[in-house]
Structure formats: C-alpha cells, structure tokens
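Peer 1: Data: target18.txt, compact mmCIF, C-alpha atoms.
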```txt
# COMPACT_ATOMS: atom_id res chain seq x y z
CA MET B 1 -28.96 41.68 5.33
CA ARG B 2 -26.94 40.78 2.25
CA ALA B 3 -24.28 39.15 4.44
CA ILE B 4 -26.90 37.02 6.23
CA THR B 5 -28.40 35.88 2.92
CA PHE B 6 -24.94 35.02 1.58
CA SER B 7 -24.10 33.07 4.73
CA LEU B 8 -27.38 31.17 4.58
CA ILE B 9 -26.82 30.24 0.94
CA THR B 10 -23.28 29.09 1.76
CA VAL B 11 -24.49 26.94 4.66
CA LEU B 12 -27.25 25.52 2.46
CA LEU B 13 -24.75 24.65 -0.28
CA ILE B 14 -22.47 22.95 2.22
CA VAL B 15 -25.36 20.97 3.69
CA VAL B 16 -26.69 19.95 0.26
CA GLY B 17 -23.18 19.08 -0.95
CA GLY B 18 -22.45 17.01 2.15
CA CYS B 19 -25.69 15.04 2.07
CA ARG B 20 -25.76 11.60 0.64
CA PRO B 21 -28.71 10.46 -1.42
CA ASP B 22 -30.97 7.86 0.20
CA LYS B 23 -31.51 5.65 -2.82
CA LEU B 24 -29.77 5.35 -6.16
CA LYS B 25 -30.23 3.37 -9.33
CA ILE B 26 -27.40 1.11 -10.39
CA ASP B 27 -25.43 3.52 -12.64
CA ALA B 28 -25.57 6.35 -10.14
CA TYR B 29 -24.84 3.87 -7.34
CA LYS B 30 -21.73 2.56 -9.11
CA ALA B 31 -20.52 6.10 -9.69
CA TRP B 32 -21.16 6.93 -6.02
CA ILE B 33 -19.24 3.98 -4.59
CA ASP B 34 -16.41 4.54 -7.10
CA LYS B 35 -15.80 8.09 -5.96
CA GLU B 36 -12.69 8.19 -3.79
CA GLY B 37 -14.08 10.98 -1.64
CA HIS B 38 -16.82 8.66 -0.36
CA GLY B 39 -14.21 6.53 1.37
CA LEU B 40 -14.91 3.14 -0.19
CA VAL B 41 -11.97 3.17 -2.59
CA LYS B 42 -8.33 3.77 -1.69
CA ARG B 43 -5.66 4.03 -4.35
CA ARG B 44 -1.94 4.59 -4.58
CA VAL B 45 0.76 4.25 -7.19
CA ILE B 46 4.09 2.61 -6.40
CA ASN B 47 6.70 2.10 -9.11
CA GLY B 48 4.04 2.62 -11.76
CA VAL B 49 1.74 -0.04 -10.27
CA THR B 50 -1.66 1.19 -9.14
CA LEU B 51 -2.77 -0.58 -6.00
CA GLU B 52 -6.41 -0.32 -5.14
CA GLY B 53 -8.30 -1.43 -2.05
CA ARG B 54 -12.05 -1.28 -2.34
CA PHE B 55 -14.99 -2.08 -0.10
CA LEU B 56 -17.74 -3.98 -1.88
CA PRO B 57 -21.16 -3.27 -0.35
CA GLY B 58 -23.33 -6.32 0.20
CA GLU B 59 -26.17 -4.78 -1.78
CA TYR B 60 -23.97 -4.33 -4.81
CA GLN B 61 -22.81 -7.94 -4.70
CA ALA B 62 -26.41 -9.06 -4.25
CA TYR B 63 -27.37 -6.99 -7.28
CA GLN B 64 -24.68 -8.66 -9.41
CA ASP B 65 -25.74 -12.09 -8.23
CA TYR B 66 -29.42 -11.31 -8.80
CA GLN B 67 -28.74 -10.02 -12.31
CA ALA B 68 -26.92 -13.23 -13.14
CA ASN B 69 -29.80 -15.32 -11.83
CA PRO B 70 -33.06 -13.33 -11.52
CA GLN B 71 -35.11 -16.45 -10.70
CA GLN B 72 -33.93 -16.48 -7.10
CA PRO B 73 -35.89 -14.47 -4.50
CA LEU B 74 -34.33 -11.06 -4.10
CA ASP B 75 -34.71 -11.05 -0.30
CA SER B 76 -32.72 -14.23 0.12
CA VAL B 77 -29.99 -12.93 -2.18
CA LEU B 78 -29.82 -9.72 -0.18
CA SER B 79 -29.67 -11.51 3.14
CA ALA B 80 -26.92 -13.80 1.86
CA TYR B 81 -24.64 -10.84 1.23
CA ARG B 82 -25.70 -8.46 3.99
CA CYS B 83 -23.37 -9.71 6.72
CA GLY B 84 -20.15 -10.19 4.79
CA LEU B 85 -17.42 -7.65 4.97
CA THR B 86 -16.05 -7.89 1.46
CA PHE B 87 -13.02 -6.12 0.03
CA HIS B 88 -11.38 -6.14 -3.34
CA ILE B 89 -7.66 -5.66 -3.91
CA SER B 90 -6.23 -5.06 -7.35
CA LEU B 91 -2.87 -4.28 -8.91
CA GLN B 92 -2.71 -2.75 -12.33
CA ALA B 93 0.26 -1.56 -14.39
CA ASP B 94 0.96 -0.20 -17.83
CA LYS B 95 1.64 -3.10 -20.17
CA GLU B 96 3.63 -1.01 -22.65
CA THR B 97 6.21 0.64 -20.39
CA GLY B 98 8.01 0.10 -17.13
CA ASN B 99 9.09 -3.00 -15.26
CA TYR B 100 5.65 -4.45 -14.78
CA ARG B 101 4.50 -5.16 -18.33
CA ASN B 102 3.13 -8.51 -17.23
CA LEU B 103 2.20 -8.57 -13.57
CA MET B 104 1.61 -12.30 -13.54
CA TYR B 105 5.04 -13.16 -14.93
CA TYR B 106 6.90 -10.41 -13.05
CA ASN B 107 10.14 -11.76 -11.58
CA THR B 108 9.38 -15.37 -12.45
CA HIS B 109 11.89 -17.65 -14.13
CA SER B 110 9.98 -20.83 -14.83
CA GLN B 111 6.54 -22.27 -15.38
CA GLU B 112 6.75 -23.85 -11.91
CA GLU B 113 7.14 -20.43 -10.34
CA ILE B 114 4.11 -19.11 -12.22
CA THR B 115 2.10 -22.15 -11.17
CA GLY B 116 3.26 -21.67 -7.58
CA ARG B 117 2.28 -18.01 -7.70
CA THR B 118 -1.17 -18.84 -9.04
CA ARG B 119 -1.64 -21.46 -6.32
CA GLU B 120 -0.50 -19.05 -3.60
CA LEU B 121 -2.80 -16.27 -4.82
CA SER B 122 -5.71 -18.70 -5.13
CA PHE B 123 -5.44 -20.59 -1.87
CA ASN B 124 -3.21 -18.77 0.57
CA ALA B 125 -4.55 -15.22 0.67
CA SER B 126 -4.32 -15.32 4.46
CA ASP B 127 -0.51 -15.34 4.08
CA PHE B 128 -0.49 -11.89 2.55
CA THR B 129 -3.74 -10.15 3.48
CA GLU B 130 -5.42 -9.29 6.75
CA LEU B 131 -7.99 -6.96 8.19
CA SER B 132 -7.47 -5.15 11.49
CA TYR B 133 -10.25 -3.62 13.50
CA LYS B 134 -9.93 -2.12 16.97
CA GLY B 135 -6.59 -3.84 17.59
CA LYS B 136 -7.69 -7.30 16.46
CA HIS B 137 -6.47 -9.00 13.31
CA TYR B 138 -8.59 -11.12 11.02
CA VAL B 139 -7.67 -13.31 8.08
CA PRO B 140 -10.10 -13.76 5.20
CA VAL B 141 -12.71 -16.47 5.68
CA LEU B 142 -13.09 -16.62 1.93
CA SER B 143 -10.86 -15.41 -0.86
CA VAL B 144 -11.19 -15.54 -4.59
CA PHE B 145 -8.29 -14.91 -6.91
CA GLU B 146 -10.11 -13.36 -9.83
CA GLY B 147 -7.17 -14.05 -12.06
CA TYR B 148 -4.93 -12.07 -14.33
CA ASN B 149 -6.46 -9.83 -16.95
CA PRO B 150 -3.80 -9.58 -19.70
CA ILE B 151 -5.62 -6.81 -21.57
CA ALA B 152 -5.62 -4.49 -18.59
CA ASN B 153 -2.51 -6.07 -17.05
CA ARG B 154 -4.42 -6.37 -13.82
CA ILE B 155 -4.48 -8.86 -10.97
CA SER B 156 -7.38 -8.86 -8.55
CA LEU B 157 -8.52 -10.63 -5.44
CA MET B 158 -11.80 -10.62 -3.55
CA LEU B 159 -11.64 -11.14 0.20
CA VAL B 160 -14.42 -11.77 2.68
CA PHE B 161 -13.86 -11.22 6.40
CA SER B 162 -15.99 -12.06 9.37
CA VAL B 163 -15.58 -9.40 12.02
CA PRO B 164 -17.57 -9.49 15.27
CA GLY B 165 -17.51 -5.69 15.45
CA TYR B 166 -19.45 -5.49 12.24
CA PRO B 167 -22.70 -7.33 12.92
CA CYS B 168 -24.10 -7.00 9.42
CA GLY B 169 -23.43 -3.28 9.61
CA THR B 170 -26.53 -2.84 11.74
CA ASP B 171 -24.93 -1.84 15.04
CA ALA B 172 -25.18 1.71 16.29
CA ASP B 173 -21.44 2.08 16.82
CA ASP B 174 -19.99 4.07 13.95
CA SER B 175 -16.51 4.41 15.38
CA GLY B 176 -13.35 2.69 14.32
CA GLU B 177 -11.40 1.97 11.22
CA PHE B 178 -10.91 -1.14 9.16
CA ASP B 179 -7.30 -1.52 8.11
CA LEU B 180 -7.05 -3.78 5.09
CA THR B 181 -3.41 -4.80 4.74
CA PHE B 182 -1.75 -6.28 1.71
CA TYR B 183 1.72 -7.70 2.29
CA ASP B 184 2.95 -7.79 -1.28
CA PRO B 185 4.45 -11.22 -1.84
CA TYR B 186 5.87 -10.77 -5.35
CA TRP B 187 5.99 -7.28 -6.80
CA GLU B 188 8.38 -5.48 -4.43
CA LEU B 189 5.74 -2.96 -3.42
CA GLY B 190 6.02 -3.61 0.30
CA THR B 191 3.31 -3.54 2.93
CA ASN B 192 0.24 -1.57 1.92
CA HIS B 193 -2.48 -0.44 4.28
CA PHE B 194 -5.90 0.69 3.08
CA LEU B 195 -7.81 2.42 5.83
CA PHE B 196 -11.62 2.46 5.74
CA GLN B 197 -13.73 4.37 8.23
CA LYS B 198 -16.56 2.28 9.63
CA HIS B 199 -18.76 5.33 9.33
CA ASP B 200 -18.18 5.40 5.55
CA LEU B 201 -18.91 1.69 5.20
CA LYS B 202 -22.21 2.07 6.99
CA ASN B 203 -23.37 5.21 5.23
CA ILE B 204 -23.87 4.10 1.69
CA PRO B 205 -27.04 4.97 -0.24
CA ASP B 206 -29.50 2.12 -0.78
CA LEU B 207 -29.41 0.47 -4.15
CA VAL B 208 -32.64 0.35 -6.10
CA ILE B 209 -32.73 -3.19 -7.48
CA GLN B 210 -35.15 -3.63 -10.34
CA MET Q 211 -10.04 67.74 -21.92
CA LYS Q 212 -8.57 67.22 -18.49
CA SER Q 213 -10.97 64.40 -17.71
CA LYS Q 214 -10.17 62.66 -21.01
CA PHE Q 215 -6.50 62.78 -20.09
CA LEU Q 216 -7.24 61.28 -16.69
CA VAL Q 217 -9.25 58.45 -18.24
CA CYS Q 218 -6.36 57.71 -20.60
CA ILE Q 219 -3.91 57.57 -17.68
CA VAL Q 220 -6.22 55.24 -15.73
CA VAL Q 221 -6.70 52.94 -18.73
CA LEU Q 222 -2.94 52.87 -19.36
CA LEU Q 223 -2.24 52.10 -15.72
CA ALA Q 224 -4.83 49.33 -15.74
CA LEU Q 225 -3.23 47.85 -18.86
CA LEU Q 226 0.19 48.02 -17.23
CA VAL Q 227 -1.10 46.23 -14.13
CA VAL Q 228 -2.69 43.49 -16.25
CA LEU Q 229 0.49 43.05 -18.30
CA ALA Q 230 2.61 42.91 -15.16
CA GLY Q 231 0.25 40.30 -13.69
CA VAL Q 232 0.45 38.17 -16.82
CA ASN Q 233 4.25 38.41 -16.83
CA ILE Q 234 4.51 37.46 -13.18
CA PHE Q 235 2.17 34.53 -13.78
CA TYR Q 236 4.23 33.19 -16.67
CA LEU Q 237 7.55 33.88 -14.96
CA LYS Q 238 6.36 31.97 -11.93
CA LYS Q 239 5.07 29.18 -14.13
CA ASP Q 240 8.37 28.84 -15.97
CA ALA Q 241 10.57 29.29 -12.91
CA LEU Q 242 12.45 26.26 -11.69
CA ARG Q 243 11.21 25.13 -8.32
CA VAL Q 244 13.78 23.26 -6.35
CA ALA Q 245 13.53 21.66 -2.93
CA TYR Q 246 15.56 19.14 -1.01
CA ILE Q 247 14.88 16.27 1.33
CA ARG Q 248 17.13 14.95 4.08
CA SER Q 249 17.03 11.41 2.76
CA PRO Q 250 18.33 9.53 5.82
CA GLU Q 251 15.76 11.25 8.06
CA LEU Q 252 13.00 10.48 5.58
CA VAL Q 253 13.91 6.80 5.35
CA GLU Q 254 14.45 6.39 9.09
CA GLY Q 255 11.31 8.31 10.06
CA TYR Q 256 9.06 6.46 7.64
CA HIS Q 257 6.74 4.08 9.46
CA GLY Q 258 7.03 1.66 6.54
CA THR Q 259 10.76 1.35 7.19
CA ILE Q 260 10.29 0.94 10.93
CA GLU Q 261 7.65 -1.78 10.57
CA ALA Q 262 9.44 -3.58 7.73
CA ARG Q 263 12.67 -3.58 9.70
CA SER Q 264 10.95 -4.89 12.81
CA ALA Q 265 9.29 -7.71 10.83
CA PHE Q 266 12.61 -8.48 9.16
CA GLU Q 267 14.44 -8.63 12.50
CA LYS Q 268 11.92 -11.19 13.79
CA LYS Q 269 12.39 -13.28 10.67
CA LYS Q 270 16.15 -12.96 10.94
CA GLU Q 271 16.10 -14.05 14.58
CA ALA Q 272 14.13 -17.17 13.66
CA MET Q 273 16.58 -18.00 10.88
CA LEU Q 274 19.60 -17.45 13.11
CA ALA Q 275 18.01 -19.53 15.87
CA ASN Q 276 18.02 -22.48 13.45
CA VAL Q 277 21.69 -21.88 12.70
CA ASP Q 278 22.49 -21.69 16.42
CA SER Q 279 20.62 -24.89 17.12
CA MET Q 280 22.45 -26.69 14.33
CA GLY Q 281 25.74 -25.30 15.64
CA MET Q 282 24.98 -26.58 19.14
CA ASP Q 283 24.16 -30.02 17.77
CA PHE Q 284 27.48 -30.08 16.00
CA ASP Q 285 29.35 -28.94 19.14
CA ARG Q 286 27.70 -31.71 21.15
CA LEU Q 287 28.79 -34.31 18.61
CA ARG Q 288 32.31 -32.94 18.66
CA HIS Q 289 32.48 -33.04 22.46
CA GLN Q 290 31.21 -36.61 22.47
CA TYR Q 291 33.94 -37.51 20.02
CA VAL Q 292 36.68 -35.72 22.02
CA ASN Q 293 35.58 -37.49 25.21
CA SER Q 294 35.46 -40.94 23.69
CA ALA Q 295 38.16 -40.76 21.00
CA ALA Q 296 40.85 -42.24 23.26
CA ARG Q 297 38.79 -45.41 23.72
CA MET Q 298 38.12 -45.85 19.99
CA THR Q 299 39.91 -48.11 17.56
CA PRO Q 300 41.79 -46.27 14.80
CA ASP Q 301 39.18 -47.34 12.24
CA LYS Q 302 36.31 -46.16 14.40
CA ARG Q 303 38.11 -42.88 15.06
CA MET Q 304 38.61 -42.31 11.33
CA GLU Q 305 34.97 -43.09 10.70
CA GLN Q 306 33.88 -40.63 13.41
CA GLU Q 307 36.21 -37.93 12.13
CA LYS Q 308 34.89 -38.36 8.62
CA PHE Q 309 31.35 -38.13 9.97
CA LEU Q 310 32.19 -35.00 11.99
CA SER Q 311 33.85 -33.40 9.00
CA GLN Q 312 30.73 -34.01 6.92
CA GLN Q 313 28.58 -32.57 9.69
CA GLN Q 314 30.80 -29.51 9.91
CA ASP Q 315 30.66 -28.95 6.12
CA GLN Q 316 26.90 -29.31 6.21
CA PHE Q 317 26.65 -26.82 9.07
CA LEU Q 318 28.92 -24.29 7.37
CA ARG Q 319 27.00 -24.59 4.10
CA TYR Q 320 23.73 -24.06 5.94
CA ARG Q 321 25.12 -21.06 7.83
CA ASP Q 322 26.39 -19.49 4.59
CA ALA Q 323 23.06 -20.11 2.88
CA ILE Q 324 21.20 -18.48 5.77
CA ASP Q 325 23.60 -15.51 5.77
CA GLN Q 326 23.02 -15.09 2.06
CA LYS Q 327 19.25 -15.40 2.48
CA ILE Q 328 19.29 -12.79 5.25
CA GLU Q 329 21.28 -10.43 3.05
CA GLU Q 330 18.91 -10.98 0.12
CA GLU Q 331 15.84 -10.42 2.27
CA ASP Q 332 17.38 -7.29 3.79
CA THR Q 333 18.07 -5.90 0.32
CA GLN Q 334 14.56 -6.77 -0.84
CA MET Q 335 12.97 -5.24 2.26
CA MET Q 336 14.87 -1.98 1.74
CA GLN Q 337 14.06 -2.02 -1.98
CA GLU Q 338 10.33 -2.31 -1.21
CA VAL Q 339 10.52 0.56 1.25
CA LEU Q 340 12.50 2.72 -1.17
CA ASN Q 341 10.02 1.97 -3.95
CA GLN Q 342 7.25 3.33 -1.72
CA ILE Q 343 9.25 6.40 -0.70
CA ASN Q 344 10.43 7.26 -4.21
CA SER Q 345 6.95 6.89 -5.68
CA TYR Q 346 5.50 9.16 -3.03
CA VAL Q 347 8.23 11.79 -3.45
CA GLU Q 348 7.58 11.80 -7.20
CA GLU Q 349 3.84 12.20 -6.64
CA TYR Q 350 4.42 14.97 -4.09
CA ALA Q 351 6.81 16.85 -6.38
CA VAL Q 352 4.38 16.76 -9.30
CA LYS Q 353 1.48 17.84 -7.10
CA GLU Q 354 3.41 20.71 -5.54
CA GLY Q 355 4.99 21.80 -8.82
CA TYR Q 356 8.63 21.10 -8.05
CA THR Q 357 11.01 20.79 -10.98
CA TYR Q 358 13.72 19.13 -8.92
CA VAL Q 359 13.73 17.48 -5.53
CA LEU Q 360 17.25 16.85 -4.35
CA GLY Q 361 18.21 14.43 -1.63
CA THR Q 362 20.89 15.02 0.95
CA THR Q 363 22.82 11.90 1.84
CA SER Q 364 25.43 11.03 4.41
CA THR Q 365 28.04 11.12 1.65
CA GLY Q 366 27.25 14.80 1.14
CA SER Q 367 25.81 15.26 -2.33
CA ILE Q 368 24.39 18.63 -1.22
CA LEU Q 369 26.76 20.73 0.83
CA PHE Q 370 24.32 23.49 1.70
CA GLY Q 371 20.62 24.12 1.34
CA ASP Q 372 18.47 26.98 2.57
CA LYS Q 373 16.14 25.64 5.26
CA ALA Q 374 13.21 27.21 3.41
CA LEU Q 375 13.75 24.67 0.62
CA ASP Q 376 13.76 21.71 3.00
CA ILE Q 377 10.54 19.71 2.47
CA THR Q 378 11.50 16.70 4.60
CA GLY Q 379 8.81 17.44 7.21
CA PRO Q 380 5.74 17.68 4.96
CA VAL Q 381 6.92 14.80 2.77
CA LEU Q 382 7.46 12.56 5.78
CA GLU Q 383 4.06 13.48 7.18
CA GLY Q 384 2.33 12.76 3.87
CA LEU Q 385 4.29 9.56 3.41
CA ASN Q 386 3.34 8.28 6.85
CA ASN Q 387 -0.30 9.16 6.26
CA ARG Q 388 -0.13 7.30 2.97
CA TYR Q 389 1.44 4.32 4.70
CA LYS Q 390 -1.34 4.20 7.27
CA GLY Q 391 -3.73 4.02 4.32
CA LYS Q 392 -5.42 7.37 4.86
```
Could the structure of this file be written out as structure tokens, please?
Peer 2:
Amino acid sequence: MRAITFSLITVLLIVVGGCRPDKLKIDAYKAWIDKEGHGLVKRRVINGVTLEGRFLPGEYQAYQDYQANPQQPLDSVLSAYRCGLTFHISLQADKETGNYRNLMYYNTHSQEEITGRTRELSFNASDFTELSYKGKHYVPVLSVFEGYNPIANRISLMLVFSVPGYPCGTDADDSGEFDLTFYDPYWELGTNHFLFQKHDLKNIPDLVIQ
Amino acid sequence: MKSKFLVCIVVLLALLVVLAGVNIFYLKKDALRVAYIRSPELVEGYHGTIEARSAFEKKKEAMLANVDSMGMDFDRLRHQYVNSAARMTPDKRMEQEKFLSQQQDQFLRYRDAIDQKIEEEDTQMMQEVLNQINSYVEEYAVKEGYTYVLGTTSTGSILFGDKALDITGPVLEGLNNRYKGK
C-alpha cells in the first residue's frame, strides 16, 4: 500500500513538474521564456564570448510594442506579430579581461573597418545568418542590428524569418527543428548552430496583457 | 554492564565509519583527476571541422578557378605572340614582349596573393574550429571535475595513457551535440 502511495505521489510530482502553465503575467512570463530548459534560449561560451540564440514569441513582442504605444488596439498589435518567426542573437564578453574587451572594435584597425562592420551587421545579416527547417534554408526577411552596448560589451541582432512550415504557429504539425545558424564574420568563433524544437516554440504559455 | 559495553562498541564503530566517510570524501575531493584526449581524432571527428573544411574547400576551388582562368588567358596571349612574332617588326616585337612581361608579372602577383589569402583563410578556419573545441573541452573538464586534461598529438607528447583515462569519445559526442545546437 505504502509503495503504491509513494509511486502515485512520484507520478503526480512528475506530471505537475512537467506541466506548463496556461497563462502568465509578464514577470512570470519573462522568467518562463528565459529558462533554458524550456527550449527557447540556447547558450554557449567560446573563448570567453557568450553566444546566445533566443526565440522571441510574437506575444512578447506585441506586449513590448503595446506598452510603448497603448493607444493602438491590442488585437491588431497581436495579429501583427503572430505570424513572424523572430529570433535574437547576441554576443557578450567580459570587458575587463580576455581578448574581447570591446566586441565592436575587435580585430579592427581603422575607422573604415568599424564603419564597414556596422554596415555589414546592419544591412547584410543574410550573409551570416540563416534558418533551416526540414532541409530548406531561409534568410531573414527582416533584420535589425540592435547595436553595441558598451556597458555590457554586448552586440545583438534581431532576425525575422518567413517559413512556410510555420503558418503563424497554428498548424497541427509539431515535428521538426529550426536550426538558427550564425556564421561568425568577425570574432573567430566559427559556425554556430542553435537548434529549436518546433514543439517548444508552439507550447509557450499565453501572456496576460493588461 | 554487558549491554552498556555493546552500545559503546556500536557508537565507536559508527563514529569510525563516519570519520572514514568524511576522509574518503575529502581525499576524493582533493585528488587530482587527470584524463587525456586523442587530439587528432577529436579535431578530425568534430562536425565543425568537417563542415568548415568542406566550406573552405569550395571557397578555395572558386579562388583557384580564377587563377586558372587568368593563367589560361596569359597562355593564349603568349601562344598568339609565339605564332606571330616572326612576322612582327622589331619594335612591335619589343612592345609585345613588354606587354607579355607585364601580364606575366600581374598574373604571378595575383597567384601569390591568392595563395596567401588561401593560407590565411585556412589558418583562420582552423583557429575558429580550435576555439570551439578548446572552449568545450574546458567546459567539460570543469563540469566533470578534471584537474588536467592532456592531449595526445602526433608528435607524441604523451607516450602512454591508460584507456580508462581516455575521454575522447564522450568529449567528441558532447562537442558534436553542441555543434548541432542541441
């Protein structure tokens, strides 16, 4: 009897632990999508540089947009972001030690090179990023170089892809993986793949927007 | 009296067991943990190396194709000159030879520049791959509690290592999983 009770409690704990909440308020939502175990953030460290690939849910982007301009109708904001497949790539390094104390200036020798690097990061993201899904390769339809943050010594890019196999995340097919690839053009960190399961991208709690 | 003695013995034994456990724990904690990796196998088996090398070879082929095409252009010019030199005036011949010499210099400079570029890109490609491998090995060693991870090389820095200390397999597996982005 005791063994059965123990087993039941264990199963219950596993089930409760494995369940995702249906709806979350913004702070809890942010914490949920930030947690690596939920499959929306992939990180690695190479040569002291932390590379991060992150999926940005449409609802979260809509929330940010809506907060910046609450006059617009929430539904239209939500629908504007629902169908995009948006990812965020960032590189961050210690600014006190190591070879990468200034990621923006790393391995540059003139102002022209820095300008060229800024231009490349701003306008040619398709040269060094791509998304693969079920054997097909996609370049970003929109990219935003968010700039260099000298305080954090961080460089970040936002990339939007249009993938036919992801019809606004509403299809029943949960299979497949999205391989976000970053071909490092400047920092000698090589080719970096960030693998996201479609199942994880589609199973995110709803965000309660107030 | 007898039972008191027994209790004392049991308590003493229990204390001894606890002390032995604590000692073993600290001895283990302080012990040096050493492992080794067969470096060439790790580098060659890493998918990052294989893919980077394949991409580099394609790039190299394209660069060398340009050199070949320039070389063929030069050869054609030279043949034209050889075939028609006998019919040329001395001045015209000198002019053509000067032109050919310039073309040859230009071609050789271009070929040298491409060779140098190929070498630079090869070095950079390998450096990028090694950066990834070294960072992962460091992360693996810290996670698994290794004090030293040695690398065998073809020049023989380690002459013998017990197979039980060889962590090439698990490191390569983890490295390839990391490369795939898992």
Peer 1: Taking a cut-off of 9 Å and counting all atoms listed in the file, can you build a table that, for each residue of chain B near chain Q, reports the nearest atom pair and how far apart they are in Å (one decimal), sorted by chain then residue number, as CSV?
Peer 2:
```
residue,atom,partner,partner_atom,distance
B:Lys42,CA,Q:Gly391,CA,7.6
B:Arg43,CA,Q:Gly391,CA,8.9
B:Arg44,CA,Q:Arg388,CA,8.2
B:Val45,CA,Q:Ser345,CA,6.9
B:Ile46,CA,Q:Ser345,CA,5.2
B:Asn47,CA,Q:Ser345,CA,5.9
B:Gly48,CA,Q:Ser345,CA,8.0
B:Asp179,CA,Q:Gly391,CA,7.6
B:Leu180,CA,Q:Gly391,CA,8.5
B:Thr181,CA,Q:Gly391,CA,8.8
B:Trp187,CA,Q:Glu338,CA,8.6
B:Glu188,CA,Q:Glu338,CA,4.9
B:Leu189,CA,Q:Glu338,CA,5.1
B:Gly190,CA,Q:Glu338,CA,4.7
B:Thr191,CA,Q:Gly258,CA,7.3
B:Asn192,CA,Q:Tyr389,CA,6.6
B:His193,CA,Q:Gly391,CA,4.6
B:Phe194,CA,Q:Gly391,CA,4.2
B:Leu195,CA,Q:Gly391,CA,4.6
B:Phe196,CA,Q:Lys392,CA,8.0
```
Peer 1: Name the residues in contact with segment 167-176 of chain B at a cut-off of 6 Å, using only C-alpha atoms, excluding same-chain residues fewer than 6 positions from it; report them as a compact mmCIF listing (two decimals) with C-alpha atoms, in the frame of the given file.
Peer 2:
```
# COMPACT_ATOMS: atom_id res chain seq x y z
CA ARG B 82 -25.70 -8.46 3.99
CA CYS B 83 -23.37 -9.71 6.72
CA LYS B 198 -16.56 2.28 9.63
CA HIS B 199 -18.76 5.33 9.33
```
Peer 1: Could you please determine the separation between atom CA of Glu52 of chain B and atom CA of Phe87 of chain B in Å, to one decimal place?
Peer 2: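 Interatomic distance here is 10.2 Å.
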Peer 1: As an exercise, work out the distance from atom CA of Asp65 of chain B to atom CA of Ile26 of chain B in Å and give it to one decimal place.
Peer 2: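 So the two atoms, atom CA of Asp65 of chain B and atom CA of Ile26 of chain B, lie 13.5 Å apart.
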Peer 1: Mind giving me the straight-line distance from atom CA of Glu120 of chain B to atom CA of Met104 of chain B in Å, one decimal?
Peer 2: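 Distance between the two atoms: 12.2 Å.
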Peer 1: Using all atoms listed in the file, which residue out of Q:Thr365, Q:Gly355, Q:Ile328, Q:Asp372 lies closest to Phe266 of chain Q?
Peer 2: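 Checking each candidate against Phe266 of chain Q, we get Q:Ile328 as the closest.
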Peer 1: Where's the centre, and what are the edge lengths in Å to one decimal, of a box along x, y and z enclosing all listed atoms of segment 165-175 of chain B padded 6 Å per side, as lines of an AutoDock Vina configuration file?
Peer 2:
```
center_x = -21.5
center_y = -1.5
center_z = 13.1
size_x = 22.0
size_y = 23.7
size_z = 19.4
```
Peer 1: Which of these residues is nearest to Phe178 of chain B, using all atoms listed in the file: B:Thr97, B:Thr108, B:Ser156, B:Thr86?
Peer 2: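 Checking each of B:Thr97, B:Thr108, B:Ser156, B:Thr86 against Phe178 of chain B, counting all atoms listed in the file, the winner is B:Thr86.
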Peer 1: Closest to Phe145 of chain B among B:Ser132, B:Ser90, B:Ser162, B:Thr115, using all atoms listed in the file?
Peer 2: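 Among the listed residues, B:Ser90 lies closest to Phe145 of chain B.
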Peer 1: Taking all atoms listed in the file into account, produce a table as a tab-separated table in which each residue of segment 15-132 of chain B with an atom at most 12 Å from an atom of segment 201-204 of chain B appears once, together with its shortest atom pair and the distance in Å to one decimal, ordered by chain and rising number.
Peer 2:
```
residue	atom	partner	partner_atom	distance
B:Cys19	CA	B:Asn203	CA	10.6
B:Arg20	CA	B:Ile204	CA	7.8
B:Pro21	CA	B:Ile204	CA	8.6
B:Asp22	CA	B:Ile204	CA	8.2
B:Lys23	CA	B:Ile204	CA	9.0
B:Leu24	CA	B:Ile204	CA	9.9
B:Tyr29	CA	B:Ile204	CA	9.1
B:Lys30	CA	B:Ile204	CA	11.1
B:Trp32	CA	B:Ile204	CA	8.6
B:Ile33	CA	B:Ile204	CA	7.8
B:Asp34	CA	B:Ile204	CA	11.5
B:Lys35	CA	B:Ile204	CA	11.8
B:His38	CA	B:Ile204	CA	8.6
B:Gly39	CA	B:Leu201	CA	7.8
B:Leu40	CA	B:Leu201	CA	6.9
B:Val41	CA	B:Leu201	CA	10.5
B:Arg54	CA	B:Leu201	CA	10.6
B:Phe55	CA	B:Leu201	CA	7.6
B:Leu56	CA	B:Leu201	CA	9.1
B:Pro57	CA	B:Leu201	CA	7.8
B:Gly58	CA	B:Leu201	CA	10.4
B:Glu59	CA	B:Ile204	CA	9.8
B:Tyr60	CA	B:Ile204	CA	10.6
B:Arg82	CA	B:Lys202	CA	11.5
B:Cys83	CA	B:Lys202	CA	11.8
B:Gly84	CA	B:Leu201	CA	12.0
B:Leu85	CA	B:Leu201	CA	9.5
B:Thr86	CA	B:Leu201	CA	10.7
B:Phe87	CA	B:Leu201	CA	11.1
```
Peer 1: Save the residues we just selected, C-alpha atoms, as a CSV table (one decimal), keeping the file's coordinate frame?
Peer 2:
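Full text of out-v5.csv as output:
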```
chain,number,residue,atom,x,y,z
B,19,CYS,CA,-25.7,15.0,2.1
B,20,ARG,CA,-25.8,11.6,0.6
B,21,PRO,CA,-28.7,10.5,-1.4
B,22,ASP,CA,-31.0,7.9,0.2
B,23,LYS,CA,-31.5,5.6,-2.8
B,24,LEU,CA,-29.8,5.4,-6.2
B,29,TYR,CA,-24.8,3.9,-7.3
B,30,LYS,CA,-21.7,2.6,-9.1
B,32,TRP,CA,-21.2,6.9,-6.0
B,33,ILE,CA,-19.2,4.0,-4.6
B,34,ASP,CA,-16.4,4.5,-7.1
B,35,LYS,CA,-15.8,8.1,-6.0
B,38,HIS,CA,-16.8,8.7,-0.4
B,39,GLY,CA,-14.2,6.5,1.4
B,40,LEU,CA,-14.9,3.1,-0.2
B,41,VAL,CA,-12.0,3.2,-2.6
B,54,ARG,CA,-12.0,-1.3,-2.3
B,55,PHE,CA,-15.0,-2.1,-0.1
B,56,LEU,CA,-17.7,-4.0,-1.9
B,57,PRO,CA,-21.2,-3.3,-0.4
B,58,GLY,CA,-23.3,-6.3,0.2
B,59,GLU,CA,-26.2,-4.8,-1.8
B,60,TYR,CA,-24.0,-4.3,-4.8
B,82,ARG,CA,-25.7,-8.5,4.0
B,83,CYS,CA,-23.4,-9.7,6.7
B,84,GLY,CA,-20.2,-10.2,4.8
B,85,LEU,CA,-17.4,-7.6,5.0
B,86,THR,CA,-16.0,-7.9,1.5
B,87,PHE,CA,-13.0,-6.1,0.0
```
